[in-house]
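All remarks here apply to the structure that follows.
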Amino acid sequence: MVGIDLEVLPSSSALVERATEFFVQQIAARPSRLDPFLIALSGGRISQQFFETLALKLHASSAALETLHFFWADERCVPPQDPECNFAMAKSKLFDPLGISQTQIHRIESELPPDQAVANAVADLCRIAPKTHLGQPVIDLLILGMGEDEHTASLFPNESKAAQESPAIYR
């Protein structure tokens with residue numbers, strides 16, 4: 001089992017600073033700058049501050065951004081232009097300022113019925129991601145927040161059995 005490094009930070013701004021620093025370190029430490037580096041993002045209360053700070057740090061770094069591919073750990077079922085859409089926030093605060101190509105952005109098509117959006121997202125991920133020996137796609141860096149109610153990526157404590165069995169929620 002891999003050990004866990006737990007860092008307790010005094011504020012949300014300290015968390016954003018540490019998380020963006022870690023993000024840039026992971027990109028710099030990747031084994032190959034030629035292979036795709038897959039990142040999954042989520043939304044949440046501090047995502048705007050996180051995306052803005054990350055854009056500044058990546059812009060100032062010498063990180064090669066061309067091989068980064070962005071996916072989502074979760075998304076709200078709203079149109080992509082909706083202010084509540086996690087993709088919309090990332091687009092305006094991270095992708096547009098950095099000039100990230102549309103070919104590197106793999107959003108969940110939240111305007112579609114959930115089952116279709118999930119099927120499309122899984123197919124897109126599987127097309128690009130390397131696989132484990134069991135055929136599971138591998139994401140290099142997963143950025144998740146945690147809500148005050150202890151939820152993360154639309155996964156809530158004590159979720160109903162019906163929700164747990166829904167492929168649109170648990171995949």
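By convention here, the chains of the structure tokens are called A, B, ... in the order presented, each chain's residues are numbered starting at 1, and ligands are numbered starting at 1 in the order presented.
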Contact residues around segment 93-97 of chain A with only C-alpha atoms at 6 Å, ignoring same-chain residues under 5 positions, as a tab-separated table (two decimals) with N, CA and C atoms, in the first residue's frame:
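The resulting around_9.tsv:
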```
chain	number	residue	atom	x	y	z
A	51	PHE	N	-8.16	27.73	-10.70
A	51	PHE	CA	-7.90	27.84	-12.14
A	51	PHE	C	-7.15	29.12	-12.48
A	52	GLU	N	-7.53	30.24	-11.85
A	52	GLU	CA	-6.83	31.50	-12.12
A	52	GLU	C	-5.36	31.43	-11.69
A	55	ALA	N	-3.39	29.04	-13.99
A	55	ALA	CA	-3.09	29.65	-15.29
A	55	ALA	C	-1.87	30.56	-15.18
```
DSSP-assigned helix (DSSP H, G or I) members of segment 56-139 of chain A, reported as JSON, numbers by chain: {"A": [56, 57, 58, 59, 60, 86, 87, 88, 89, 90, 91, 92, 93, 94, 95, 96, 97, 98, 102, 103, 104, 114, 115, 116, 117, 118, 119, 120, 121, 122, 123, 124, 125, 126, 127, 128]}
Hey, which bits of segment 93-152 of chain A sit within 9 Å of segment 16-26 of chain A, and for each residue what's the closest pair of atoms and how far apart in Å (one decimal), counting only C-alpha atoms, rows by chain and increasing number, as JSON lines?
```
{"residue": "A:Asp140", "atom": "CA", "partner": "A:Gln26", "partner_atom": "CA", "distance": 8.8}
{"residue": "A:Leu141", "atom": "CA", "partner": "A:Gln26", "partner_atom": "CA", "distance": 7.8}
{"residue": "A:Ile143", "atom": "CA", "partner": "A:Ala19", "partner_atom": "CA", "distance": 8.6}
```
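Comparing A:Ile100, A:Ala73, A:Ala60, A:Cys85 by their smallest distance to Ala40 of chain A, the closest is A:Ala73 (using only C-alpha atoms).
As for atom CA of Ser92 of chain A and atom CA of Phe70 of chain A, they are spaced 14.1 Å apart.
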Just the residues within 12 Å of Ile139 of chain A, please, counting only C-alpha atoms, with nothing from its chain fewer than 2 positions along; format it as number ranges by chain. A: 36-41, 68-73, 125-126, 128-132, 136-137, 141-143
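In this comparison, which uses only C-alpha atoms, the residue of A:Asp74, A:Leu98, A:Ala90, A:Pro79 approaching Leu56 of chain A most closely is A:Leu98.
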Where in chain A does DSSP assign strand (DSSP E or B), given as a PyMOL selection string? chain A and resi 37-41+68-72+105+131+137+141-142+152+155
Export of prior selection with C-alpha atoms as an mmCIF file, in the first residue's frame:
```
data_model
loop_
_atom_site.group_PDB
_atom_site.id
_atom_site.type_symbol
_atom_site.label_atom_id
_atom_site.label_comp_id
_atom_site.auth_asym_id
_atom_site.auth_seq_id
_atom_site.Cartn_x
_atom_site.Cartn_y
_atom_site.Cartn_z
ATOM 1 C CA PHE A 37 -0.457 13.672 -19.713
ATOM 2 C CA LEU A 38 -4.060 13.201 -18.600
ATOM 3 C CA ILE A 39 -5.596 15.448 -15.962
ATOM 4 C CA ALA A 40 -9.085 15.222 -14.452
ATOM 5 C CA LEU A 41 -10.564 18.382 -12.957
ATOM 6 C CA LEU A 68 -1.771 17.980 -21.522
ATOM 7 C CA HIS A 69 -5.283 16.572 -21.893
ATOM 8 C CA PHE A 70 -8.038 17.769 -19.575
ATOM 9 C CA PHE A 71 -10.970 15.598 -18.504
ATOM 10 C CA TRP A 72 -13.602 16.005 -15.787
ATOM 11 C CA ILE A 105 -10.116 19.571 -23.734
ATOM 12 C CA LYS A 131 -4.688 1.207 -19.867
ATOM 13 C CA PRO A 137 -7.867 3.914 -18.351
ATOM 14 C CA LEU A 141 -3.306 13.683 -12.188
ATOM 15 C CA LEU A 142 -6.721 13.911 -10.537
ATOM 16 C CA THR A 152 -16.367 14.835 -3.762
ATOM 17 C CA LEU A 155 -20.211 11.360 -4.796
#
```
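One finds atom CA of Lys91 of chain A at 21.0 Å from atom CA of Ser13 of chain A.
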